[in-house]
Amino acid sequence: MEDLEKYIKENKPLFDEHKADRAKIWATIDERLDTPKSTTFWQSPFLKIAASILIILSGFSTYHLFVSSKFNGTEKHQIVNNELSDIDTYYKGLVSFQVKLIQEHPKLQEKDKVAFLSFMDDLDQEYEILKLEMTKNLNNEYILEAIINNYKKRIELIENLLSQINNSKKINSDEDYIL
Amino acid sequence: MKTKILYTHKDLVEQSKSGDRNSQYQLYDLYVDAMYNVSMRILNVKEDAEDVIQDSFVDAFKNLSSFRYESTFGSWLKRIVINKSINQLKQKKIALVPLDQHEYHLNEEIDPVITTLDIQKIKTSITMLPQGYRQIINLYLIEGYDHIEIGEILNISVSTSKSQYHRAKKKLIKIINTP
């Protein structure tokens, strides 16, 4: 029996009689080495990475949305402020010019000037309230419209007053001005 | 006990560890035939052996980081191939060891004497052995494992491995001696 053991051990290489289909086997190995290890769906490292990216992106998007909305709000705020400022400058200049005309008008009595300017002061107060409302509620076009109307009213009053002054020259110098 | 470090094909192994496909192919090319023959001796079916070889190389390359040169790369790979081949047999519910356990007969029987030592006759006779006997002859005489290792591979005790080997060898001699 020992002879058989010795003989087999000495001739081991002769027992390798098969030849593997190298190309075929390697093709499968090569393909499988390119494929990631099979794991359950929730254990997949790619899923974990994807989930992490999604969380980061969501966080970024939320932040961006927040900042962007804040920026948009600020931008809108800025636009409205600019618009208001332009209107304000334009009408203030106009009102100021016409009020000056009234104050310096030689044919207008002092008490009429005071009454007129007092009325203008009321409109000024209304304007200040509207302007304050405007800063509280920037999207309120109604307030903006009211501010413009306030200015228009003042200008209209001034124009009417000036018109009456001019007309009084032709009609009757004793006639009182009706405000 | 101090572990022996065996640096066989160290460069190829290290490059394969880092995923270098060319090095992996070179290792494959060096060992594929030997591994295919190991699997064929156990499974005896070409397609099954090819599947086992593919699985073994893929697993080996994917888990190469766990290879610490405590054996040669060939020995490490061979153990993977053998384990996978044995598992393949288990899946087919093929008995790995003979069911008879009449060990008391061993001492009563006289060991047979081999009449002729012919490699081709021996190879043919091994294929004629019952499955369980064939595995133990292959593992001990051709693959070179000792009974402790065979016990681990086949999940049997060392004494069972020894007794089964003894019987398998007697059966083999009987077949060889049959004209």
# chains A, B, ... in the order shown; residues from 1 in each chain; ligands from 1
>>> closest_atom_pairs(of="chain A", to="chain B", cutoff="10 Å", atoms="only C-alpha atoms", output="Markdown table")
| residue | atom | partner | partner_atom | distance |
| --- | --- | --- | --- | --- |
| A:Met1 | CA | B:Val113 | CA | 6.2 |
| A:Glu2 | CA | B:Val113 | CA | 9.3 |
| A:Asp3 | CA | B:Ile114 | CA | 7.9 |
| A:Leu4 | CA | B:Ile114 | CA | 7.2 |
| A:Glu5 | CA | B:Leu141 | CA | 6.5 |
| A:Lys6 | CA | B:Leu141 | CA | 8.8 |
| A:Tyr7 | CA | B:Leu117 | CA | 7.5 |
| A:Ile8 | CA | B:Leu141 | CA | 6.6 |
| A:Lys9 | CA | B:Leu141 | CA | 6.1 |
| A:Glu10 | CA | B:Ile142 | CA | 9.5 |
| A:Asn11 | CA | B:Ile119 | CA | 7.9 |
| A:Lys12 | CA | B:Ile142 | CA | 5.9 |
| A:Pro13 | CA | B:Ile142 | CA | 8.9 |
| A:Leu14 | CA | B:Ile119 | CA | 7.8 |
| A:Phe15 | CA | B:Lys123 | CA | 7.2 |
| A:Asp16 | CA | B:Asn37 | CA | 5.5 |
| A:Glu17 | CA | B:Asn37 | CA | 7.1 |
| A:His18 | CA | B:Asn37 | CA | 5.8 |
| A:Lys19 | CA | B:Asp33 | CA | 5.9 |
| A:Ala20 | CA | B:Asp33 | CA | 5.5 |
| A:Asp21 | CA | B:Glu50 | CA | 8.2 |
| A:Arg22 | CA | B:Val32 | CA | 7.3 |
| A:Ala23 | CA | B:Asp29 | CA | 9.9 |
| A:Lys24 | CA | B:Glu50 | CA | 9.1 |
| A:Ile25 | CA | B:Gln54 | CA | 6.1 |
| A:Trp26 | CA | B:Gln54 | CA | 7.5 |
| A:Ala27 | CA | B:Gln54 | CA | 9.4 |
| A:Thr28 | CA | B:Gln54 | CA | 6.9 |
| A:Ile29 | CA | B:Gln54 | CA | 5.7 |
| A:Asp30 | CA | B:Arg21 | CA | 8.2 |
| A:Glu31 | CA | B:Val58 | CA | 9.7 |
| A:Arg32 | CA | B:Val58 | CA | 7.0 |
| A:Leu33 | CA | B:Val58 | CA | 6.3 |
| A:Asp34 | CA | B:Arg21 | CA | 10.0 |
| A:Pro36 | CA | B:Lys62 | CA | 9.8 |
| A:Lys37 | CA | B:Lys62 | CA | 8.6 |
>>> residues_around(residues="Ile148 of chain A", least_positions_apart="3", cutoff="10 Å", atoms="only C-alpha atoms", output="list in words")
Leu84, Ile87, Asp88, Tyr91, Tyr127, Leu130, Tyr142, Ile143, Leu144, Glu145, Tyr151, Lys152, Lys153 and Arg154 of chain A
>>> write_last_selection(atoms="N, CA and C atoms", output="PDB file, in the first residue's frame")
ATOM      1  N   LEU A  84     -40.629 104.051  -5.404  1.00  0.00           N
ATOM      2  CA  LEU A  84     -41.224 105.004  -4.467  1.00  0.00           C
ATOM      3  C   LEU A  84     -40.365 106.261  -4.362  1.00  0.00           C
ATOM      4  N   ILE A  87     -40.806 108.356  -7.478  1.00  0.00           N
ATOM      5  CA  ILE A  87     -42.106 109.058  -7.446  1.00  0.00           C
ATOM      6  C   ILE A  87     -42.038 110.206  -6.444  1.00  0.00           C
ATOM      7  N   ASP A  88     -41.482 109.849  -5.272  1.00  0.00           N
ATOM      8  CA  ASP A  88     -41.382 110.815  -4.179  1.00  0.00           C
ATOM      9  C   ASP A  88     -40.597 112.043  -4.609  1.00  0.00           C
ATOM     10  N   TYR A  91     -42.635 114.068  -7.330  1.00  0.00           N
ATOM     11  CA  TYR A  91     -43.776 114.831  -6.833  1.00  0.00           C
ATOM     12  C   TYR A  91     -43.375 115.849  -5.754  1.00  0.00           C
ATOM     13  N   TYR A 127     -49.598 111.472   3.663  1.00  0.00           N
ATOM     14  CA  TYR A 127     -48.485 110.913   2.884  1.00  0.00           C
ATOM     15  C   TYR A 127     -47.512 110.130   3.778  1.00  0.00           C
ATOM     16  N   LEU A 130     -48.987 106.874   4.788  1.00  0.00           N
ATOM     17  CA  LEU A 130     -48.961 105.932   3.642  1.00  0.00           C
ATOM     18  C   LEU A 130     -47.543 105.395   3.394  1.00  0.00           C
ATOM     19  N   TYR A 142     -51.728  98.927  -3.578  1.00  0.00           N
ATOM     20  CA  TYR A 142     -52.813  99.851  -3.210  1.00  0.00           C
ATOM     21  C   TYR A 142     -52.255 101.058  -2.468  1.00  0.00           C
ATOM     22  N   ILE A 143     -51.295 100.793  -1.562  1.00  0.00           N
ATOM     23  CA  ILE A 143     -50.667 101.864  -0.772  1.00  0.00           C
ATOM     24  C   ILE A 143     -49.904 102.813  -1.692  1.00  0.00           C
ATOM     25  N   LEU A 144     -49.177 102.176  -2.617  1.00  0.00           N
ATOM     26  CA  LEU A 144     -48.386 102.976  -3.555  1.00  0.00           C
ATOM     27  C   LEU A 144     -49.292 103.898  -4.382  1.00  0.00           C
ATOM     28  N   GLU A 145     -50.401 103.314  -4.788  1.00  0.00           N
ATOM     29  CA  GLU A 145     -51.377 104.081  -5.566  1.00  0.00           C
ATOM     30  C   GLU A 145     -51.940 105.255  -4.731  1.00  0.00           C
ATOM     31  N   TYR A 151     -50.176 112.755  -3.774  1.00  0.00           N
ATOM     32  CA  TYR A 151     -49.379 113.760  -4.484  1.00  0.00           C
ATOM     33  C   TYR A 151     -50.209 114.476  -5.539  1.00  0.00           C
ATOM     34  N   LYS A 152     -50.962 113.672  -6.311  1.00  0.00           N
ATOM     35  CA  LYS A 152     -51.780 114.239  -7.397  1.00  0.00           C
ATOM     36  C   LYS A 152     -52.793 115.259  -6.826  1.00  0.00           C
ATOM     37  N   LYS A 153     -53.349 114.864  -5.667  1.00  0.00           N
ATOM     38  CA  LYS A 153     -54.331 115.737  -5.011  1.00  0.00           C
ATOM     39  C   LYS A 153     -53.704 117.079  -4.648  1.00  0.00           C
ATOM     40  N   ARG A 154     -52.515 117.000  -4.100  1.00  0.00           N
ATOM     41  CA  ARG A 154     -51.805 118.217  -3.704  1.00  0.00           C
ATOM     42  C   ARG A 154     -51.509 119.089  -4.931  1.00  0.00           C
TER      43      ARG A 154
END
>>> select_by_dssp(residues="segment 1-104 of chain B", states="alpha helix (DSSP H)", output="number ranges by chain")
B: 10-17, 21-43, 46-62, 73-91
>>> closest_residue(among="A:Glu141, A:Glu156, A:Glu126, A:Asp112", to="Val95 of chain A", atoms="only C-alpha atoms")
A:Glu156
>>> atom_distance(atom1="atom CA of Val52 of chain B", atom2="atom CA of Gln88 of chain B")
7.9 Å
>>> atom_distance(atom1="atom CA of Leu154 of chain B", atom2="atom CA of Ile176 of chain B")
25.6 Å
>>> residues_around(residues="segment 11-15 of chain B", least_positions_apart="2", cutoff="12 Å", atoms="only C-alpha atoms", output="number ranges by chain")
B: 6-9, 17-30, 60-69, 72-74, 76-77
>>> atom_distance(atom1="atom CA of Thr124 of chain B", atom2="atom CA of Val81 of chain B")
22.8 Å
